[in-house]
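So this one's input-v9.txt, compact mmCIF, C-alpha atoms:
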```
# COMPACT_ATOMS: atom_id res chain seq x y z
CA MET A 407 0.00 0.00 0.00
CA PHE A 408 1.18 3.54 -0.70
CA SER A 409 2.18 5.78 2.15
CA LEU A 410 -0.01 8.78 2.77
CA ASN A 411 2.23 11.39 1.20
CA PHE A 412 2.51 13.59 -1.87
CA SER A 413 4.27 11.16 -4.19
CA GLY A 414 2.08 8.21 -3.13
CA CYS A 415 -1.09 10.22 -3.74
CA LEU A 416 0.07 11.33 -7.20
CA ASP A 417 1.09 7.79 -8.04
CA LYS A 418 -2.44 6.61 -7.20
CA LEU A 419 -4.00 9.46 -9.20
CA TRP A 420 -1.84 8.80 -12.28
CA ARG A 421 -2.67 5.07 -12.15
CA LYS A 422 -6.38 5.83 -11.74
CA LEU A 423 -6.21 8.00 -14.87
CA GLY A 424 -4.24 5.35 -16.77
CA LEU A 425 -1.14 7.53 -17.08
CA GLY A 426 1.46 5.19 -15.62
CA ALA A 427 3.73 6.69 -12.98
CA PRO A 428 4.20 10.46 -12.52
CA ILE A 429 7.57 11.94 -13.43
CA PHE A 430 8.83 14.31 -10.73
CA SER A 431 10.95 17.36 -11.49
CA ASP A 432 13.95 18.55 -9.48
CA GLN A 433 11.51 20.78 -7.55
CA ASN A 434 9.42 17.69 -6.62
CA THR A 435 6.51 18.66 -8.90
CA ALA A 436 4.68 16.61 -11.48
CA SER A 437 2.89 17.91 -14.58
CA MET A 438 -0.08 16.77 -16.58
CA ASN A 439 -1.48 18.22 -19.81
CA VAL A 440 -5.27 18.06 -20.14
CA ASP A 441 -6.75 19.41 -23.38
CA GLY A 442 -3.89 21.87 -23.78
CA VAL A 443 -3.96 23.03 -20.15
CA GLN A 444 -0.69 22.36 -18.30
CA LEU A 445 -1.40 21.39 -14.66
CA VAL A 446 1.45 21.36 -12.13
CA PHE A 447 1.03 19.31 -8.96
CA SER A 448 3.20 20.26 -6.00
CA ASP A 449 3.34 19.45 -2.32
CA ALA A 450 1.79 22.22 -0.19
CA LEU A 451 4.32 24.37 1.65
CA ASP A 452 3.21 22.92 4.98
CA GLY A 453 3.42 19.35 3.69
CA GLY A 454 -0.25 18.73 4.40
CA GLY A 455 -1.70 18.50 0.93
CA ILE A 456 -1.39 19.16 -2.78
CA GLU A 457 -1.45 22.40 -4.76
CA VAL A 458 -2.51 22.21 -8.41
CA THR A 459 -1.69 25.26 -10.54
CA THR A 460 -1.92 26.37 -14.15
CA VAL A 461 -0.64 29.51 -15.83
CA ILE A 462 -3.44 31.13 -17.82
CA GLY A 463 -1.32 33.72 -19.59
CA SER A 464 0.53 37.01 -19.31
CA LEU A 465 -1.12 40.36 -18.87
CA SER A 466 -0.69 43.09 -21.45
CA GLU A 467 2.37 45.33 -21.27
CA THR A 468 0.15 48.31 -22.09
CA VAL A 469 -0.80 50.01 -18.84
CA GLY A 470 -4.42 50.77 -19.80
CA THR A 471 -5.13 47.30 -21.13
CA ARG A 472 -3.41 45.68 -18.13
CA GLY A 473 -5.56 47.81 -15.80
CA ARG A 474 -8.76 46.65 -17.54
CA GLN A 475 -7.55 43.04 -17.39
CA ILE A 476 -6.91 43.30 -13.65
CA GLU A 477 -10.31 44.93 -13.09
CA ASP A 478 -12.03 42.18 -15.08
CA ILE A 479 -10.11 39.48 -13.20
CA LEU A 480 -11.23 40.99 -9.88
CA HIS A 481 -14.85 41.16 -11.06
CA LEU A 482 -14.72 37.54 -12.24
CA ASN A 483 -13.18 36.47 -8.91
CA LEU A 484 -16.10 38.09 -7.11
CA ALA A 485 -18.65 36.48 -9.40
CA CYS A 486 -17.06 33.03 -8.92
CA LEU A 487 -16.73 33.13 -5.13
CA SER A 488 -19.95 31.27 -4.42
CA GLN A 489 -19.38 28.45 -6.92
CA PHE A 490 -15.68 27.67 -7.20
CA ARG A 491 -12.78 27.00 -4.85
CA THR A 492 -10.23 28.16 -7.41
CA LEU A 493 -7.78 30.88 -6.43
CA ALA A 494 -6.64 33.38 -9.07
CA VAL A 495 -3.36 35.20 -8.42
CA LEU A 496 -1.08 37.50 -10.36
CA ARG A 497 2.64 36.78 -10.14
CA LYS A 498 5.82 37.84 -11.87
CA ALA A 499 7.04 35.37 -14.46
CA ASP A 500 10.73 34.61 -14.93
CA ASP A 501 10.83 37.14 -17.78
CA GLY A 502 9.34 39.86 -15.53
CA ALA A 503 5.88 39.86 -17.08
CA GLU A 504 2.80 39.64 -14.87
CA GLU A 505 0.95 36.38 -15.38
CA LEU A 506 -2.38 35.05 -14.19
CA VAL A 507 -2.19 31.75 -12.33
CA LEU A 508 -5.12 29.63 -11.17
CA SER A 509 -4.77 27.09 -8.38
CA VAL A 510 -6.70 24.75 -6.14
CA SER A 511 -5.58 23.32 -2.83
CA PHE A 512 -6.32 19.79 -1.69
CA ARG A 513 -5.75 19.06 2.00
CA GLY A 514 -4.61 15.53 2.80
CA TYR A 515 -3.63 12.71 0.49
CA THR A 516 -6.26 9.99 0.76
CA GLU A 517 -9.48 11.15 -0.94
CA LEU A 518 -8.73 10.88 -4.66
CA GLU A 519 -12.34 11.61 -5.63
CA LYS A 520 -12.12 15.03 -3.98
CA LEU A 521 -8.78 15.75 -5.65
CA THR A 522 -10.19 14.69 -9.03
CA GLY A 523 -13.20 16.95 -8.47
CA LEU A 524 -10.96 19.93 -7.66
CA VAL A 525 -8.89 19.34 -10.79
CA GLU A 526 -12.08 19.16 -12.89
CA GLU A 527 -13.25 22.42 -11.30
CA LEU A 528 -9.93 24.08 -12.07
CA LEU A 529 -10.14 22.97 -15.69
CA SER A 530 -13.68 24.33 -16.03
CA VAL A 531 -12.69 27.73 -14.57
CA VAL A 532 -9.77 28.06 -17.00
CA SER A 533 -12.20 28.78 -19.84
CA LEU A 534 -13.62 31.74 -17.91
CA TYR A 535 -10.25 33.38 -17.26
CA GLN A 536 -8.45 32.72 -20.56
CA PRO A 537 -10.29 35.43 -22.53
CA LEU A 538 -9.24 38.01 -19.93
CA VAL A 539 -5.54 37.59 -20.69
CA SER A 540 -5.76 36.87 -24.40
CA ALA A 541 -6.19 40.54 -25.29
CA TYR A 542 -5.41 41.90 -28.71
CA ALA A 543 -5.21 45.51 -29.93
CA GLY A 544 -8.98 45.92 -30.40
CA GLY A 545 -10.03 44.59 -26.98
CA TYR A 546 -10.82 41.19 -25.56
CA GLN A 547 -11.70 38.15 -27.58
CA GLY A 548 -15.21 36.84 -27.11
CA ASN A 549 -15.97 35.80 -23.55
CA PRO A 550 -18.96 33.47 -23.17
CA LEU A 551 -20.04 35.45 -20.09
CA LEU A 552 -20.51 38.63 -22.08
CA GLY A 553 -23.53 39.60 -24.15
CA ALA A 554 -23.23 41.10 -27.64
CA ALA A 555 -23.19 44.75 -26.49
CA GLN A 556 -20.73 44.19 -23.65
CA THR A 557 -17.00 44.69 -23.99
CA SER A 558 -15.83 43.75 -20.52
CA LEU A 559 -16.93 41.96 -17.41
CA SER A 560 -17.39 45.38 -15.83
CA ASP A 561 -20.30 45.99 -18.21
CA GLU A 562 -21.84 42.67 -17.18
CA LEU A 563 -21.32 43.00 -13.43
CA ASP A 564 -21.95 46.73 -12.81
CA GLY A 565 -24.94 46.92 -10.51
CA ALA A 566 -25.03 43.15 -10.03
CA MET A 567 -25.39 41.60 -6.62
CA VAL A 568 -23.34 38.56 -5.67
CA PHE A 569 -24.66 36.37 -2.90
CA HIS A 570 -22.31 34.14 -0.95
CA LEU A 571 -24.16 31.25 0.69
```
Could you rewrite the structure in this file as structure tokens?
Amino acid sequence: MFSLNFSGCLDKLWRKLGLGAPIFSDQNTASMNVDGVQLVFSDALDGGGIEVTTVIGSLSETVGTRGRQIEDILHLNLACLSQFRTLAVLRKADDGAEELVLSVSFRGYTELEKLTGLVEELLSVVSLYQPLVSAYAGGYQGNPLLGAAQTSLSDELDGAMVFHL
């Protein structure tokens, strides 16, 4: 039987998914690509669970566009609070650019169904955030949350009420 630790849990998950054994990097992380989304599994800093992260993309270098992207990311975070356990953070990439990273945290190592559910949730949320960082000169590409006359999430969420149950 596997020990209740990070590598044992990932080994069970990889086998369950029919992927063989996970390959660990020098930083003790393992990666998986699901439909073009690169997921990185790492041991939580406190050693009590697993962090799963994915880089969505880099923010624009143009100050105005980057400001709108950050505003839309904050609005989307607020709208998603009641339904998802995904954390969205901005961090500096190795090249100095600001990038949007989504992550979920799984406490413990034994309940693979819960871990699988969190990974599925993370993958579903990716499609909401991707349009916010894939900006081009004329604005954002089509976001399924936006109606035809709306150009940003701000247009959609202005005046909206978000209930947290």
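Minimum distance to Leu487 (chain A) across A:Met438, A:Val469, A:Val539, A:Val531 (counting all atoms listed in the file) occurs at A:Val531.
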Which residue of A:Gln489, A:Thr468, A:Thr459, A:Ser431 approaches Leu528 (chain A) most closely, using only C-alpha atoms: A:Thr459
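When CA of Leu524 (chain A) is paired with CA of Ile462 (chain A), their separation reads 16.9 Å.
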Exercise: residues within 12 Å of coordinate (-5.6, 19.4, -18.9), counting only C-alpha atoms, as an MDAnalysis selection string: chainID A and resid 437:447 458:462 522 525:533
All file atoms of region 426-433 of chain A boxed axis-aligned, 5 Å per side, centre plus edges, as JSON:
```
{"center_x": 7.7, "center_y": 13.0, "center_z": -11.6, "size_x": 22.5, "size_y": 25.6, "size_z": 18.1}
```
Distance query 8 Å from (-8.6, 22.1, -3.0) using only C-alpha atoms, result as an mmCIF file with C-alpha atoms, in the coordinates of the input:
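Heads up, here's the output in selection_18.cif:
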```cif
data_model
loop_
_atom_site.group_PDB
_atom_site.id
_atom_site.type_symbol
_atom_site.label_atom_id
_atom_site.label_comp_id
_atom_site.auth_asym_id
_atom_site.auth_seq_id
_atom_site.Cartn_x
_atom_site.Cartn_y
_atom_site.Cartn_z
ATOM 1 C CA ILE A 456 -1.390 19.160 -2.780
ATOM 2 C CA GLU A 457 -1.450 22.400 -4.760
ATOM 3 C CA ARG A 491 -12.780 27.000 -4.850
ATOM 4 C CA THR A 492 -10.230 28.160 -7.410
ATOM 5 C CA VAL A 510 -6.700 24.750 -6.140
ATOM 6 C CA SER A 511 -5.580 23.320 -2.830
ATOM 7 C CA PHE A 512 -6.320 19.790 -1.690
ATOM 8 C CA ARG A 513 -5.750 19.060 2.000
ATOM 9 C CA LYS A 520 -12.120 15.030 -3.980
ATOM 10 C CA LEU A 521 -8.780 15.750 -5.650
ATOM 11 C CA LEU A 524 -10.960 19.930 -7.660
#
```
